[in-house]
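Notes follow once the structure below has been shown.
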Amino acid sequence: MEPLSHQEAADGADPELPPALLPRIGDVAHAGMDEESSAWSVFDISGARGLIARIAAGDMPDGWTRALLDAVRVVDIDDNALRALGPIGGRRRMVGAPVTVYWPAESWPVLAELIFAELADIPGAARTRKIVSSVFNDATVNISTDPAHPDLVFVSVGGSVTDKRSLWSLRASEERYRTLIHHLPWALVLVDSTAMLPIFDELRAAGVSDVGAHLDAHPGLPFESRAIVRVTDANRNAVELFGAGCADQLIGPVDYLFAASPDTAKRVITAHFDGRRNLTEIMKLRTFDGRLRDVQLSITYPTPPERLDVTLLMFEDVTERLQTEVQLRQLQEEYARAARIATLGELASSIAHEVNQPLAAIAMNAETSLRWLARDEPNLAKVEQLTKRIADSARHASEIVQRIRGMAGRHAPNRTALDLNRVVEEALMFVCHDIEARGIQLGVKLDIGLPRVLGDRVQLQQVVVNLLVNSLQALAGRPHSQIEITTSRDGFGGARLSVRDNGPGIAAEDLHRVFEGFFTTKQDGMGIGLAVCQSILAAHGGGISAANQAQGGAFFQVTLPPITD
Amino acid sequence: MSRPVVIAIVDDDRAVREALCELLQVEGMAALGFERAAAFLDRAGEFDCVISDVRMPEMDGLELQRRLRACGSAMPLIFVTSLDDETACAHALRAGAIAWFAKPVADAALLGTLRVVLGNTGGGA
């Protein structure tokens, strides 16, 4: 097993601990228990005497059990108690700490009542009480005092361990647990966040239900929390991830975990407050040697009967994965752009014609204006009218150029909530001239109740343009040709787009290949139009399918998922 | 009895159609624009000359020419187009078109051609 170096070093003989106190085997009050089947603790109650006296005088404040245990300090614990109760941080961190730091919260009242009864000398009070324990069956907790040490109480927890093997198996199980933790392929950090519980109680008592909003209003709280919530243990991979020399460097307040992601700290606190079991998110992590990494944080919060002082934080370094994803997105955009330029090339003569129309109008109107001005009595009213038309045509030409530039230009993929109908209308501006000039009858049926979709406007325009170009090329030279483009809801909250034509359709043996890159049946086609449609839709979480209609002609259908939060 | 010469302009692009009409009007010629070839053909008898685009929806300029000739009209036809297509140009001229101008057409060239054509038809502006 991987040694827990920071802990084992602290668990040997410690010169600061009073040697005669443990174990108190053979004490009458603990008859039937032995070293193998009980867990021992020694507490210093001197700090709690004032509170005990108040309670004995009849003044029992709300939350007194918690207050009492907060005032009681750990003097020593034995190995069994360490295993059964202690944070994996070890004995060194427990000695001197309040009992509440490690004693399971569900049996705080029992322990506090025992301590109070013992010290207030309540006649006939029980020295033994049953508790729920994840370690012992039928667990009991016992308390005793020693006149030689008036400020100390001796507490043992034991149970019906009739077969010592159960304790051995427990120890073996713990060994396996530690081995597992330390050899997990992820960075694992154990955190004791019990210090947050009284803060949460106070917030709830003050009527706070939305802790996220409260944290926004009180930015100091996450900062305070990060100082009192502590890392109690960390595995090898965590040491490596943080660029630390040893696990000891990771033990202590959690603030360093969230130094580069303060908003994550807020969400971690909020999830804890809300009683959630898990939280997962991608965050930035600053290592001890100053590197910034992208990590996926997965937190498991404890719930009874689990130990409330062990919150598991798992970090997976996803820096390279995210970089690869970014590179893939860039490649996909480059590919899509190359295909857009190829499509513009196929539409070049149509585009040239479209741009030339307003330019021709401008030239003729300018010449006509000059002719009016050259007359003996210039007709200024006519010149004004023609100049307005020149301005309109120039604007029109500029819009066409802008549209083409949008298609041909390089742009970072940008996902926004889009109206697919608008995307179709914009795409039609590229091809409608071609469609009209070829005498193709175009049917457009747009569903006005279409849900918005999340997408890149230019890339989705490209999909529509590609499908229309595909259809109009298939229809070349055919009489009575028709293209119909339709949008509709898909029944799952998403949007659907269909393009159908009455061309020759797709050969049955080619149907499964039409979306392959560089597959084409056209003499001058590159075979990237439909392939790029598929890659764009895959990147959008959507899909595209090709089919032949019963009455003939190809039928392409695109689906885009609904926007999720 | 002679009536004024009227020139038809057939172009699906409104800006171009209006610009051509204005150019003819400044030189005192009467012009009327049509967005579709079919609409012009319905009233073809009212005109002495037609200036037409080639690429147009529903019916293109070459089809307009064919139908005009098919019904026996010898009306002078001038193409003004953005279409860069030598085959179509040669076809149109062989079928009797007077001229094929690329847009943007030089005003003097178009007006000069029209004057020659209209002189030939015997009309006067």
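By convention here, the chains of the structure tokens are called A, B, ... in the order presented, each chain's residues are numbered starting at 1, and ligands are numbered starting at 1 in the order presented.
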Please report, as a ChimeraX atom specification, each residue of region 209-401 of chain A to which DSSP assigns strand (DSSP E or B) when run on this structure's backbone. /A:230-234,252-253,278-286,292-300,311-317
Excluding region 146-160 of chain A and residues on its chain fewer than 4 positions from it, collect all residues at most 6 Å away from it, counting only C-alpha atoms, and give them as a list in words.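 Near neighbours after the sequence-gap exclusion: Ser38, Ala39, Trp40, Ser41, Val42, Phe43, Asp44, Ile45, Ser46, Phe136, Asn137, Asp138, Ala139, Thr140, Val141 and Asn142 of chain A.
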As a list in words, could you give me every residue of chain B near chain A (at most 7 Å apart, counting only C-alpha atoms)? Ala15, Val16, Ala19, Leu20, Glu22, Leu23, Val26, Arg55, Met56, Pro57, Glu58, Ser82, Leu83, Lys103, Pro104 and Asp107 of chain B
Resulting file, chosen residues, all heavy atoms, as a short mmCIF file (atom, residue, chain, number, x, y, z; two decimals), in the first residue's frame:
```cif
data_model
loop_
_atom_site.label_atom_id
_atom_site.label_comp_id
_atom_site.auth_asym_id
_atom_site.auth_seq_id
_atom_site.Cartn_x
_atom_site.Cartn_y
_atom_site.Cartn_z
N ALA B 15 -34.79 48.30 -61.23
CA ALA B 15 -33.86 49.44 -61.31
C ALA B 15 -33.32 49.59 -62.73
O ALA B 15 -33.24 50.71 -63.27
CB ALA B 15 -32.72 49.25 -60.32
N VAL B 16 -32.97 48.47 -63.36
CA VAL B 16 -32.44 48.52 -64.72
C VAL B 16 -33.53 48.97 -65.70
O VAL B 16 -33.29 49.80 -66.58
CB VAL B 16 -31.89 47.12 -65.12
CG1 VAL B 16 -31.54 47.09 -66.60
CG2 VAL B 16 -30.69 46.76 -64.26
N ALA B 19 -34.13 52.62 -65.36
CA ALA B 19 -32.99 53.40 -65.86
C ALA B 19 -33.02 53.46 -67.40
O ALA B 19 -32.77 54.51 -67.99
CB ALA B 19 -31.68 52.80 -65.36
N LEU B 20 -33.34 52.32 -68.04
CA LEU B 20 -33.42 52.30 -69.51
C LEU B 20 -34.54 53.23 -69.99
O LEU B 20 -34.37 53.99 -70.96
CB LEU B 20 -33.67 50.87 -70.00
CG LEU B 20 -32.42 49.98 -70.12
CD1 LEU B 20 -32.81 48.52 -70.32
CD2 LEU B 20 -31.54 50.46 -71.29
N GLU B 22 -35.74 55.85 -68.52
CA GLU B 22 -35.33 57.24 -68.32
C GLU B 22 -34.35 57.69 -69.41
O GLU B 22 -34.43 58.81 -69.91
CB GLU B 22 -34.66 57.41 -66.95
CG GLU B 22 -35.61 57.24 -65.78
CD GLU B 22 -36.59 58.40 -65.64
OE1 GLU B 22 -36.34 59.47 -66.24
OE2 GLU B 22 -37.62 58.24 -64.94
N LEU B 23 -33.43 56.79 -69.78
CA LEU B 23 -32.43 57.14 -70.79
C LEU B 23 -33.11 57.44 -72.13
O LEU B 23 -32.74 58.39 -72.83
CB LEU B 23 -31.41 56.00 -70.93
CG LEU B 23 -30.31 56.21 -71.96
CD1 LEU B 23 -29.43 57.40 -71.57
CD2 LEU B 23 -29.44 54.96 -72.11
N VAL B 26 -35.09 60.85 -71.95
CA VAL B 26 -34.33 62.10 -72.01
C VAL B 26 -34.02 62.47 -73.46
O VAL B 26 -33.85 63.64 -73.79
CB VAL B 26 -33.04 62.03 -71.15
CG1 VAL B 26 -32.01 61.14 -71.77
CG2 VAL B 26 -32.44 63.41 -70.93
N ARG B 55 -31.54 36.70 -69.31
CA ARG B 55 -31.89 35.83 -68.17
C ARG B 55 -33.04 36.43 -67.40
O ARG B 55 -32.89 37.45 -66.74
CB ARG B 55 -30.69 35.70 -67.24
CG ARG B 55 -29.97 34.39 -67.39
CD ARG B 55 -28.70 34.42 -66.61
NE ARG B 55 -28.92 33.99 -65.23
CZ ARG B 55 -28.02 33.28 -64.57
NH1 ARG B 55 -26.88 32.93 -65.12
NH2 ARG B 55 -28.27 32.91 -63.34
N MET B 56 -34.17 35.77 -67.48
CA MET B 56 -35.34 36.25 -66.74
C MET B 56 -36.16 35.05 -66.31
O MET B 56 -36.13 34.00 -66.97
CB MET B 56 -36.21 37.14 -67.65
CG MET B 56 -35.57 38.47 -68.02
SD MET B 56 -36.66 39.48 -69.01
CE MET B 56 -36.72 38.56 -70.55
N PRO B 57 -36.87 35.16 -65.18
CA PRO B 57 -37.70 34.04 -64.75
C PRO B 57 -38.89 33.82 -65.69
O PRO B 57 -39.30 34.74 -66.41
CB PRO B 57 -38.17 34.48 -63.35
CG PRO B 57 -37.96 35.94 -63.27
CD PRO B 57 -36.87 36.27 -64.24
N GLU B 58 -39.40 32.65 -65.67
CA GLU B 58 -40.57 32.20 -66.44
C GLU B 58 -40.30 32.11 -67.94
O GLU B 58 -40.41 31.04 -68.52
CB GLU B 58 -41.80 33.09 -66.17
CG GLU B 58 -42.32 32.92 -64.75
CD GLU B 58 -43.40 33.92 -64.38
OE1 GLU B 58 -44.04 34.51 -65.27
OE2 GLU B 58 -43.59 34.12 -63.16
N SER B 82 -26.54 41.02 -68.67
CA SER B 82 -25.32 40.74 -67.89
C SER B 82 -24.78 39.36 -68.23
O SER B 82 -23.74 38.96 -67.73
CB SER B 82 -25.62 40.78 -66.39
OG SER B 82 -25.96 42.07 -66.00
N LEU B 83 -25.53 38.63 -69.03
CA LEU B 83 -25.14 37.25 -69.33
C LEU B 83 -23.92 37.22 -70.25
O LEU B 83 -23.97 37.75 -71.35
CB LEU B 83 -26.32 36.51 -69.97
CG LEU B 83 -26.12 35.01 -70.19
CD1 LEU B 83 -26.05 34.28 -68.85
CD2 LEU B 83 -27.26 34.45 -71.03
N LYS B 103 -24.34 44.65 -70.12
CA LYS B 103 -24.59 45.65 -69.07
C LYS B 103 -23.28 45.92 -68.34
O LYS B 103 -22.55 44.97 -68.07
CB LYS B 103 -25.62 45.14 -68.08
CG LYS B 103 -27.05 45.14 -68.59
CD LYS B 103 -27.95 44.62 -67.47
CE LYS B 103 -29.36 44.35 -68.00
NZ LYS B 103 -30.17 43.60 -67.04
N PRO B 104 -22.96 47.12 -67.92
CA PRO B 104 -23.75 48.33 -68.21
C PRO B 104 -23.47 48.82 -69.63
O PRO B 104 -22.31 48.92 -70.03
CB PRO B 104 -23.24 49.33 -67.16
CG PRO B 104 -21.88 48.83 -66.74
CD PRO B 104 -21.84 47.37 -67.00
N ASP B 107 -24.37 54.51 -73.06
CA ASP B 107 -25.59 55.18 -73.52
C ASP B 107 -25.54 55.57 -74.99
O ASP B 107 -26.51 55.38 -75.73
CB ASP B 107 -25.90 56.38 -72.62
CG ASP B 107 -24.75 57.39 -72.56
OD1 ASP B 107 -23.63 57.02 -73.00
OD2 ASP B 107 -24.96 58.51 -72.06
#
```
If we count only C-alpha atoms, what is near Gly33 (chain B) at a cut-off of 9 Å, once residues fewer than 5 positions away on the same chain are taken out, given as a compact mmCIF listing (two decimals) with N, CA, C and O atoms, in the first residue's frame?
```txt
# COMPACT_ATOMS: atom_id res chain seq x y z
N ILE B 7 -41.04 52.24 -77.63
CA ILE B 7 -40.06 51.17 -77.41
C ILE B 7 -40.43 50.41 -76.14
O ILE B 7 -40.69 51.02 -75.10
N ALA B 8 -40.44 49.09 -76.24
CA ALA B 8 -40.71 48.25 -75.05
C ALA B 8 -39.38 47.85 -74.40
O ALA B 8 -38.40 47.57 -75.09
N ILE B 9 -39.40 47.85 -73.07
CA ILE B 9 -38.21 47.42 -72.33
C ILE B 9 -38.61 46.26 -71.44
O ILE B 9 -39.52 46.40 -70.61
N VAL B 10 -37.98 45.10 -71.64
CA VAL B 10 -38.34 43.91 -70.87
C VAL B 10 -37.14 43.52 -69.99
O VAL B 10 -36.09 43.13 -70.52
N ASP B 11 -37.30 43.67 -68.70
CA ASP B 11 -36.22 43.30 -67.76
C ASP B 11 -36.86 43.04 -66.40
O ASP B 11 -37.68 43.84 -65.95
N ARG B 14 -36.15 45.85 -61.67
CA ARG B 14 -36.86 47.12 -61.75
C ARG B 14 -35.90 48.30 -61.95
O ARG B 14 -36.18 49.20 -62.76
N ARG B 17 -34.72 48.42 -65.50
CA ARG B 17 -35.84 48.73 -66.39
C ARG B 17 -36.15 50.23 -66.36
O ARG B 17 -36.26 50.89 -67.38
N GLU B 18 -36.19 50.77 -65.14
CA GLU B 18 -36.51 52.20 -65.00
C GLU B 18 -35.39 53.06 -65.57
O GLU B 18 -35.64 54.09 -66.19
N LEU B 20 -33.34 52.32 -68.04
CA LEU B 20 -33.42 52.30 -69.51
C LEU B 20 -34.54 53.23 -69.99
O LEU B 20 -34.37 53.99 -70.96
N CYS B 21 -35.68 53.16 -69.33
CA CYS B 21 -36.80 54.02 -69.73
C CYS B 21 -36.40 55.49 -69.64
O CYS B 21 -36.69 56.30 -70.54
N PHE B 40 -45.21 41.37 -72.13
CA PHE B 40 -44.88 42.16 -73.33
C PHE B 40 -45.49 41.53 -74.57
O PHE B 40 -46.09 42.23 -75.42
```
Polymer residues at most 9 Å from region 412-429 of chain A, only C-alpha atoms, same-chain spacing of 6 or more positions, as an MDAnalysis selection string: chainID A and resid 329:330 333 400 403 446:448 450:465 468 485 487 495:497 540 563
If I take CA of Arg43 (chain B) and CA of Ile78 (chain B), how far is one from the other in Å, to one decimal?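 Going from CA of Arg43 (chain B) over to CA of Ile78 (chain B) covers 17.4 Å.
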Please compute the CA of Glu384 (chain A)-CA of Leu32 (chain B) distance, one decimal, in Å.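 About the pair CA of Glu384 (chain A) and CA of Leu32 (chain B): they are 21.4 Å apart.
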Tell me, as a PyMOL selection string, which residues lie within 12 Å of Ala507 (chain A), counting only C-alpha atoms; anything in the same chain fewer than 4 positions away does not count. chain A and resi 503+511-514+520-521+546-549+552-554
Got time to write the residues from that selection, N, CA and C atoms, as a tab-separated table (two decimals), in the first residue's frame?
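Saved to result-v4.tsv:
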```tsv
chain	number	residue	atom	x	y	z
A	503	GLY	N	-36.63	16.14	-59.40
A	503	GLY	CA	-35.56	15.71	-60.28
A	503	GLY	C	-35.48	14.18	-60.35
A	511	LEU	N	-27.54	6.02	-52.14
A	511	LEU	CA	-28.23	6.68	-51.03
A	511	LEU	C	-27.39	6.71	-49.76
A	512	HIS	N	-26.70	5.62	-49.47
A	512	HIS	CA	-25.94	5.55	-48.21
A	512	HIS	C	-24.60	6.28	-48.32
A	513	ARG	N	-24.27	6.77	-49.51
A	513	ARG	CA	-22.96	7.40	-49.66
A	513	ARG	C	-23.01	8.90	-49.90
A	514	VAL	N	-24.23	9.45	-50.02
A	514	VAL	CA	-24.31	10.85	-50.46
A	514	VAL	C	-23.65	11.82	-49.49
A	520	THR	N	-19.36	12.10	-55.37
A	520	THR	CA	-20.22	12.90	-56.25
A	520	THR	C	-20.59	12.11	-57.49
A	521	THR	N	-21.78	12.43	-58.01
A	521	THR	CA	-22.20	11.81	-59.27
A	521	THR	C	-22.17	12.84	-60.39
A	546	ALA	N	-31.22	11.64	-46.29
A	546	ALA	CA	-31.55	11.73	-47.71
A	546	ALA	C	-32.46	10.57	-48.07
A	547	ALA	N	-33.43	10.84	-48.94
A	547	ALA	CA	-34.34	9.77	-49.37
A	547	ALA	C	-34.89	10.13	-50.74
A	548	ASN	N	-35.54	9.15	-51.37
A	548	ASN	CA	-36.25	9.42	-52.61
A	548	ASN	C	-37.74	9.43	-52.32
A	549	GLN	N	-38.45	10.34	-52.98
A	549	GLN	CA	-39.89	10.39	-52.77
A	549	GLN	C	-40.56	9.32	-53.63
A	552	GLY	N	-41.03	10.27	-57.02
A	552	GLY	CA	-39.79	10.64	-57.71
A	552	GLY	C	-39.21	11.93	-57.15
A	553	GLY	N	-37.92	12.09	-57.30
A	553	GLY	CA	-37.27	13.29	-56.78
A	553	GLY	C	-36.64	13.04	-55.43
A	554	ALA	N	-35.62	13.85	-55.13
A	554	ALA	CA	-34.90	13.67	-53.87
A	554	ALA	C	-35.59	14.42	-52.75
```
One number please: CA of Val229 (chain A) to CA of Asp255 (chain A), in Å, one decimal. 8.4 Å
If we count only C-alpha atoms and set the cut-off at 7 Å, which residues sit around Val80 (chain B), ignoring sequence neighbours fewer than 5 positions away in its own chain? Please answer as a VMD selection string. chain B and resid 51 to 53 100 to 103
Go ahead and write the residues just picked, N, CA and C atoms, as a PDB file, in the first residue's frame.
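The new file selection18.pdb reads:
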```pdb
ATOM      1  N   ILE B  51     -36.319  46.270 -76.318  1.00  0.00           N
ATOM      2  CA  ILE B  51     -35.003  46.049 -75.694  1.00  0.00           C
ATOM      3  C   ILE B  51     -35.256  45.043 -74.577  1.00  0.00           C
ATOM      4  N   SER B  52     -34.543  43.914 -74.622  1.00  0.00           N
ATOM      5  CA  SER B  52     -34.846  42.856 -73.638  1.00  0.00           C
ATOM      6  C   SER B  52     -33.592  42.332 -72.941  1.00  0.00           C
ATOM      7  N   ASP B  53     -33.792  41.934 -71.699  1.00  0.00           N
ATOM      8  CA  ASP B  53     -32.770  41.181 -70.944  1.00  0.00           C
ATOM      9  C   ASP B  53     -32.810  39.743 -71.473  1.00  0.00           C
ATOM     10  N   TRP B 100     -26.472  43.010 -79.369  1.00  0.00           N
ATOM     11  CA  TRP B 100     -26.333  42.333 -78.060  1.00  0.00           C
ATOM     12  C   TRP B 100     -25.371  43.186 -77.252  1.00  0.00           C
ATOM     13  N   PHE B 101     -25.898  43.925 -76.289  1.00  0.00           N
ATOM     14  CA  PHE B 101     -25.061  44.778 -75.446  1.00  0.00           C
ATOM     15  C   PHE B 101     -24.884  44.157 -74.060  1.00  0.00           C
ATOM     16  N   ALA B 102     -23.650  44.290 -73.535  1.00  0.00           N
ATOM     17  CA  ALA B 102     -23.417  43.826 -72.169  1.00  0.00           C
ATOM     18  C   ALA B 102     -23.721  44.969 -71.207  1.00  0.00           C
ATOM     19  N   LYS B 103     -24.345  44.654 -70.119  1.00  0.00           N
ATOM     20  CA  LYS B 103     -24.589  45.650 -69.073  1.00  0.00           C
ATOM     21  C   LYS B 103     -23.284  45.921 -68.343  1.00  0.00           C
TER      22      LYS B 103
END
```
Can you work out which one of A:Leu313, A:Ala339, A:Cys432, A:Leu308 has the shortest atom-to-atom distance to Asn278 (chain A), counting only C-alpha atoms? A:Leu313
Compile the contact shell of Ser107 (chain A) as a ChimeraX atom specification: residues with an atom at most 10 Å away, counting only C-alpha atoms, same-chain residues fewer than 5 positions apart removed. /A:112,130-133,141
Nearest to Cys71 (chain B) among B:Leu24, B:Leu41, B:Val5, B:Cys49, with distances taken over only C-alpha atoms: which residue is it?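 Among the listed residues, the smallest separation from Cys71 (chain B) belongs to B:Leu41.
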